[in-house]
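Notes to accompany the following structure.
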Amino acid sequence: MFSNECVGELGYEATTTAIAMGGLFVAAVVEYTGHRYIEHRSDLTVEPTAESGPSSVASKIPLPPFSSIGCHAGTSEDKLSVFVMEMGIIFHSILIGITLVVAGDTVFATLLIVIIFHQGFEGLALGARISNLAPTESLDFTKLFLASMFALITPIGMAIGIGVRDKFNGSDRETLIALGTLDAISAGILVWVGVVEMAGGDWLWGELRRASIGKTLIAGLSMVSGMVLMGLLGKWA
């Protein structure tokens, strides 16, 4: 967006990167604060009392290191991580819905096909995370809510696009800056999710850390294939 000739020359060359870093920092702060709060609540819940006897001794046994228990050790941490991931996707999906409606007829068909595949890949990634939330054997309100938000957010963006279509000017400088800012924020959040939550969480601290060679190779091939396909789709989206 910021490279559009209608925006003109920006005072700071790396505007997109700076905003994306801001989105990444926001995602890190939200997740860090959430983890601190969850651990604080957990400490209050299991705080030993003077009458607890032998259990007070057990409570002083040090916990295993963070890397040995996985990226997220509890249900609340898992939900927080999925929430951060969905937050980045929601920003992006709203813009996708608006863009699809206000796009010209000449690019609509191409854009529609690309968006279907793009949202499909995002849905697979998000759905895999949601399905792993406890309880893994059944549905609950949290899973239904998170899945419904992803399913509805792009149509909501399309509804917004329909509402502003007659007044929308895709060449307006302020409009391009607003859309570019939201896109960059979303990119920063998703970079955090992809690198820390997925790559780091699954490969350095998760089940792939000690997985078999075959499973590791399949997971690596799948990840690289997804990166290549999303990169190709980004050329037209």
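Identifiers in this document derive from the order of the structure tokens: chains are assigned A, B, ..., residues are numbered from 1 separately in each chain, and ligands are numbered from 1 in order of occurrence.
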Task: Residues near Gly97 (chain A), cut-off 6 Å, only C-alpha atoms, skip fewer than 2 positions along chain, as a VMD selection string - done: chain A and resid 94 to 95 99 to 100 154 157 to 158
Open item on the list: Considering only C-alpha atoms, can you say which of A:Ser42, A:Leu80, A:Ala20, A:Phe117 comes closest to Gly231 (chain A)?
Closed with: A:Phe117
TODO: With a distance cut-off of 12 Å and only C-alpha atoms, select the neighbouring residues of region 212-222 of chain A, excluding the residue or stretch itself and same-chain residues fewer than 6 positions from it, and output the selection as a count of residues only.
DONE: 10
- [ ] Kindly indicate which residue among A:Ile38, A:Ile96, A:Ile130, A:Leu176 lies nearest to Val7 (chain A), using only C-alpha atoms for the distances.
- [x] A:Leu176
TODO: Return the single residue from A:Thr110, A:Trp205, A:Ser76, A:Ala184 that is closest to Thr142 (chain A), with distances computed using only C-alpha atoms.
DONE: A:Ser76
Open item on the list: Given only C-alpha atoms as the basis, pick out the residue of A:Leu208, A:Met1, A:Val84, A:Leu126 nearest to Thr175 (chain A).
Closed with: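 Ranking A:Leu208, A:Met1, A:Val84, A:Leu126 by distance to Thr175 (chain A), first place goes to A:Met1.
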- [ ] Just list the residues in region 20-230 of chain A DSSP gives alpha helix (DSSP H) on the backbone, as an MDAnalysis selection string.
- [x] chainID A and resid 20:45 54:59 75:102 105:131 141:164 173:192 213:230
Dump as JSON lines the rows for residues of region 174-223 of chain A within 12 Å of region 25-32 of chain A: closest atom pair and distance in Å with one decimal, only C-alpha atoms counted, ordered by chain and rising residue number.
```
{"residue": "A:Ile185", "atom": "CA", "partner": "A:Val26", "partner_atom": "CA", "distance": 9.0}
{"residue": "A:Ser186", "atom": "CA", "partner": "A:Ala27", "partner_atom": "CA", "distance": 9.8}
{"residue": "A:Ala187", "atom": "CA", "partner": "A:Ala27", "partner_atom": "CA", "distance": 10.8}
{"residue": "A:Gly188", "atom": "CA", "partner": "A:Phe25", "partner_atom": "CA", "distance": 7.9}
{"residue": "A:Ile189", "atom": "CA", "partner": "A:Ala27", "partner_atom": "CA", "distance": 5.6}
{"residue": "A:Leu190", "atom": "CA", "partner": "A:Ala27", "partner_atom": "CA", "distance": 8.8}
{"residue": "A:Val191", "atom": "CA", "partner": "A:Ala27", "partner_atom": "CA", "distance": 9.6}
{"residue": "A:Trp192", "atom": "CA", "partner": "A:Ala27", "partner_atom": "CA", "distance": 6.9}
{"residue": "A:Val193", "atom": "CA", "partner": "A:Ala27", "partner_atom": "CA", "distance": 8.3}
{"residue": "A:Gly194", "atom": "CA", "partner": "A:Ala27", "partner_atom": "CA", "distance": 11.7}
{"residue": "A:Val195", "atom": "CA", "partner": "A:Ala28", "partner_atom": "CA", "distance": 11.6}
{"residue": "A:Val196", "atom": "CA", "partner": "A:Ala28", "partner_atom": "CA", "distance": 9.4}
{"residue": "A:Glu197", "atom": "CA", "partner": "A:Glu31", "partner_atom": "CA", "distance": 10.4}
```
Would you save the residues of that selection, restricted to N, CA and C atoms, as an mmCIF file, in the first residue's frame?
```
data_model
loop_
_atom_site.group_PDB
_atom_site.id
_atom_site.type_symbol
_atom_site.label_atom_id
_atom_site.label_comp_id
_atom_site.auth_asym_id
_atom_site.auth_seq_id
_atom_site.Cartn_x
_atom_site.Cartn_y
_atom_site.Cartn_z
ATOM 1 N N ILE A 185 0.327 -4.002 10.633
ATOM 2 C CA ILE A 185 0.117 -4.467 12.007
ATOM 3 C C ILE A 185 -0.205 -5.956 12.012
ATOM 4 N N SER A 186 -1.104 -6.367 11.116
ATOM 5 C CA SER A 186 -1.460 -7.775 11.009
ATOM 6 C C SER A 186 -0.246 -8.621 10.659
ATOM 7 N N ALA A 187 0.595 -8.119 9.752
ATOM 8 C CA ALA A 187 1.800 -8.857 9.369
ATOM 9 C C ALA A 187 2.726 -9.050 10.562
ATOM 10 N N GLY A 188 2.896 -8.016 11.374
ATOM 11 C CA GLY A 188 3.753 -8.133 12.553
ATOM 12 C C GLY A 188 3.239 -9.164 13.536
ATOM 13 N N ILE A 189 1.929 -9.157 13.774
ATOM 14 C CA ILE A 189 1.335 -10.135 14.690
ATOM 15 C C ILE A 189 1.529 -11.555 14.163
ATOM 16 N N LEU A 190 1.309 -11.740 12.858
ATOM 17 C CA LEU A 190 1.435 -13.077 12.277
ATOM 18 C C LEU A 190 2.885 -13.535 12.194
ATOM 19 N N VAL A 191 3.832 -12.603 12.063
ATOM 20 C CA VAL A 191 5.246 -12.976 12.142
ATOM 21 C C VAL A 191 5.562 -13.528 13.521
ATOM 22 N N TRP A 192 5.069 -12.875 14.552
ATOM 23 C CA TRP A 192 5.260 -13.367 15.923
ATOM 24 C C TRP A 192 4.677 -14.767 16.073
ATOM 25 N N VAL A 193 3.448 -14.945 15.594
ATOM 26 C CA VAL A 193 2.787 -16.250 15.716
ATOM 27 C C VAL A 193 3.554 -17.314 14.950
ATOM 28 N N GLY A 194 3.972 -16.990 13.723
ATOM 29 C CA GLY A 194 4.648 -17.983 12.901
ATOM 30 C C GLY A 194 6.006 -18.379 13.439
ATOM 31 N N VAL A 195 6.779 -17.394 13.909
ATOM 32 C CA VAL A 195 8.143 -17.679 14.357
ATOM 33 C C VAL A 195 8.159 -18.227 15.779
ATOM 34 N N VAL A 196 7.460 -17.564 16.682
ATOM 35 C CA VAL A 196 7.529 -17.939 18.105
ATOM 36 C C VAL A 196 6.586 -19.081 18.433
ATOM 37 N N GLU A 197 5.301 -18.926 18.044
ATOM 38 C CA GLU A 197 4.301 -19.912 18.443
ATOM 39 C C GLU A 197 4.409 -21.210 17.653
#
```
- [ ] Name all residues at most 12 Å from Ala147 (chain A) (count only C-alpha atoms; drop same-chain ones fewer than 2 positions away) and give them as a list in words.
- [x]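 In the requested form, the answer reads Val82, Phe83, Glu86, Ile89, Ile90, Glu122, Gly123, Leu124, Ala125, Leu126, Gly127, Ala128, Arg129, Ile130, Ser131, Leu139, Asp140, Phe141, Thr142, Lys143, Leu144, Phe145, Met149, Phe150, Ala151, Leu152 and Ile153 of chain A.
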Restricting the output to N, CA and C atoms, write the selected residues as a PDB file, in the first residue's frame.
```
ATOM      1  N   VAL A  82      -3.648 -19.074  20.883  1.00  0.00           N
ATOM      2  CA  VAL A  82      -4.589 -19.131  19.769  1.00  0.00           C
ATOM      3  C   VAL A  82      -5.289 -17.778  19.606  1.00  0.00           C
ATOM      4  N   PHE A  83      -5.588 -17.116  20.717  1.00  0.00           N
ATOM      5  CA  PHE A  83      -6.219 -15.797  20.656  1.00  0.00           C
ATOM      6  C   PHE A  83      -5.316 -14.790  19.951  1.00  0.00           C
ATOM      7  N   GLU A  86      -5.367 -15.558  16.254  1.00  0.00           N
ATOM      8  CA  GLU A  86      -6.616 -15.152  15.609  1.00  0.00           C
ATOM      9  C   GLU A  86      -6.720 -13.631  15.518  1.00  0.00           C
ATOM     10  N   ILE A  89      -5.033 -12.680  12.361  1.00  0.00           N
ATOM     11  CA  ILE A  89      -5.794 -13.121  11.199  1.00  0.00           C
ATOM     12  C   ILE A  89      -7.040 -12.265  11.006  1.00  0.00           C
ATOM     13  N   ILE A  90      -7.678 -11.854  12.106  1.00  0.00           N
ATOM     14  CA  ILE A  90      -8.897 -11.047  12.009  1.00  0.00           C
ATOM     15  C   ILE A  90      -8.611  -9.708  11.340  1.00  0.00           C
ATOM     16  N   GLU A 122      -5.000 -20.388   5.803  1.00  0.00           N
ATOM     17  CA  GLU A 122      -5.091 -19.799   7.140  1.00  0.00           C
ATOM     18  C   GLU A 122      -6.058 -20.596   8.013  1.00  0.00           C
ATOM     19  N   GLY A 123      -7.165 -21.031   7.413  1.00  0.00           N
ATOM     20  CA  GLY A 123      -8.138 -21.816   8.165  1.00  0.00           C
ATOM     21  C   GLY A 123      -7.573 -23.146   8.635  1.00  0.00           C
ATOM     22  N   LEU A 124      -6.761 -23.784   7.782  1.00  0.00           N
ATOM     23  CA  LEU A 124      -6.133 -25.039   8.188  1.00  0.00           C
ATOM     24  C   LEU A 124      -5.203 -24.825   9.383  1.00  0.00           C
ATOM     25  N   ALA A 125      -4.400 -23.762   9.313  1.00  0.00           N
ATOM     26  CA  ALA A 125      -3.457 -23.489  10.405  1.00  0.00           C
ATOM     27  C   ALA A 125      -4.189 -23.165  11.694  1.00  0.00           C
ATOM     28  N   LEU A 126      -5.175 -22.267  11.605  1.00  0.00           N
ATOM     29  CA  LEU A 126      -5.915 -21.877  12.799  1.00  0.00           C
ATOM     30  C   LEU A 126      -6.756 -23.035  13.328  1.00  0.00           C
ATOM     31  N   GLY A 127      -7.378 -23.779  12.407  1.00  0.00           N
ATOM     32  CA  GLY A 127      -8.212 -24.909  12.832  1.00  0.00           C
ATOM     33  C   GLY A 127      -7.411 -25.977  13.556  1.00  0.00           C
ATOM     34  N   ALA A 128      -6.166 -26.213  13.097  1.00  0.00           N
ATOM     35  CA  ALA A 128      -5.321 -27.204  13.774  1.00  0.00           C
ATOM     36  C   ALA A 128      -5.029 -26.769  15.207  1.00  0.00           C
ATOM     37  N   ARG A 129      -4.802 -25.462  15.403  1.00  0.00           N
ATOM     38  CA  ARG A 129      -4.537 -24.952  16.757  1.00  0.00           C
ATOM     39  C   ARG A 129      -5.787 -25.028  17.625  1.00  0.00           C
ATOM     40  N   ILE A 130      -6.921 -24.671  17.054  1.00  0.00           N
ATOM     41  CA  ILE A 130      -8.162 -24.694  17.834  1.00  0.00           C
ATOM     42  C   ILE A 130      -8.518 -26.121  18.232  1.00  0.00           C
ATOM     43  N   SER A 131      -8.355 -27.066  17.318  1.00  0.00           N
ATOM     44  CA  SER A 131      -8.717 -28.458  17.616  1.00  0.00           C
ATOM     45  C   SER A 131      -7.841 -29.063  18.706  1.00  0.00           C
ATOM     46  N   LEU A 139     -16.192 -30.630  21.481  1.00  0.00           N
ATOM     47  CA  LEU A 139     -16.320 -29.200  21.235  1.00  0.00           C
ATOM     48  C   LEU A 139     -16.760 -28.492  22.512  1.00  0.00           C
ATOM     49  N   ASP A 140     -16.343 -27.244  22.647  1.00  0.00           N
ATOM     50  CA  ASP A 140     -16.838 -26.417  23.738  1.00  0.00           C
ATOM     51  C   ASP A 140     -17.061 -25.011  23.201  1.00  0.00           C
ATOM     52  N   PHE A 141     -17.518 -24.115  24.059  1.00  0.00           N
ATOM     53  CA  PHE A 141     -17.858 -22.770  23.617  1.00  0.00           C
ATOM     54  C   PHE A 141     -16.651 -22.040  23.037  1.00  0.00           C
ATOM     55  N   THR A 142     -15.484 -22.197  23.659  1.00  0.00           N
ATOM     56  CA  THR A 142     -14.291 -21.490  23.188  1.00  0.00           C
ATOM     57  C   THR A 142     -13.936 -21.900  21.770  1.00  0.00           C
ATOM     58  N   LYS A 143     -13.933 -23.193  21.492  1.00  0.00           N
ATOM     59  CA  LYS A 143     -13.612 -23.670  20.144  1.00  0.00           C
ATOM     60  C   LYS A 143     -14.625 -23.160  19.122  1.00  0.00           C
ATOM     61  N   LEU A 144     -15.909 -23.256  19.466  1.00  0.00           N
ATOM     62  CA  LEU A 144     -16.941 -22.795  18.547  1.00  0.00           C
ATOM     63  C   LEU A 144     -16.841 -21.292  18.302  1.00  0.00           C
ATOM     64  N   PHE A 145     -16.542 -20.535  19.352  1.00  0.00           N
ATOM     65  CA  PHE A 145     -16.432 -19.077  19.221  1.00  0.00           C
ATOM     66  C   PHE A 145     -15.261 -18.693  18.322  1.00  0.00           C
ATOM     67  N   MET A 149     -15.627 -16.964  14.646  1.00  0.00           N
ATOM     68  CA  MET A 149     -15.057 -15.648  14.367  1.00  0.00           C
ATOM     69  C   MET A 149     -14.270 -15.661  13.060  1.00  0.00           C
ATOM     70  N   PHE A 150     -13.490 -16.715  12.853  1.00  0.00           N
ATOM     71  CA  PHE A 150     -12.730 -16.808  11.598  1.00  0.00           C
ATOM     72  C   PHE A 150     -13.665 -16.963  10.406  1.00  0.00           C
ATOM     73  N   ALA A 151     -14.719 -17.764  10.570  1.00  0.00           N
ATOM     74  CA  ALA A 151     -15.640 -18.005   9.464  1.00  0.00           C
ATOM     75  C   ALA A 151     -16.438 -16.755   9.097  1.00  0.00           C
ATOM     76  N   LEU A 152     -16.719 -15.901  10.066  1.00  0.00           N
ATOM     77  CA  LEU A 152     -17.591 -14.752   9.837  1.00  0.00           C
ATOM     78  C   LEU A 152     -16.855 -13.457   9.528  1.00  0.00           C
ATOM     79  N   ILE A 153     -15.556 -13.375   9.877  1.00  0.00           N
ATOM     80  CA  ILE A 153     -14.884 -12.083   9.823  1.00  0.00           C
ATOM     81  C   ILE A 153     -14.709 -11.588   8.388  1.00  0.00           C
TER      82      ILE A 153
END
```
Task: Spatial neighbours of region 160-162 of chain A, 7 Å, only C-alpha atoms, chain gap at least 3 places, as a PyMOL selection string - done: chain A and resi 98+101-102+156-157+165
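Interatomic distance, CA of Arg173 (chain A) to CA of Cys6 (chain A): 5.9 Å.
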Open item on the list: Let me make sure I understand: among A:Ala103, A:Tyr37, A:Ser148, A:Met227, which one has the smallest atom-to-atom distance to Asn169 (chain A) if we use only C-alpha atoms?
Closed with: A:Ala103
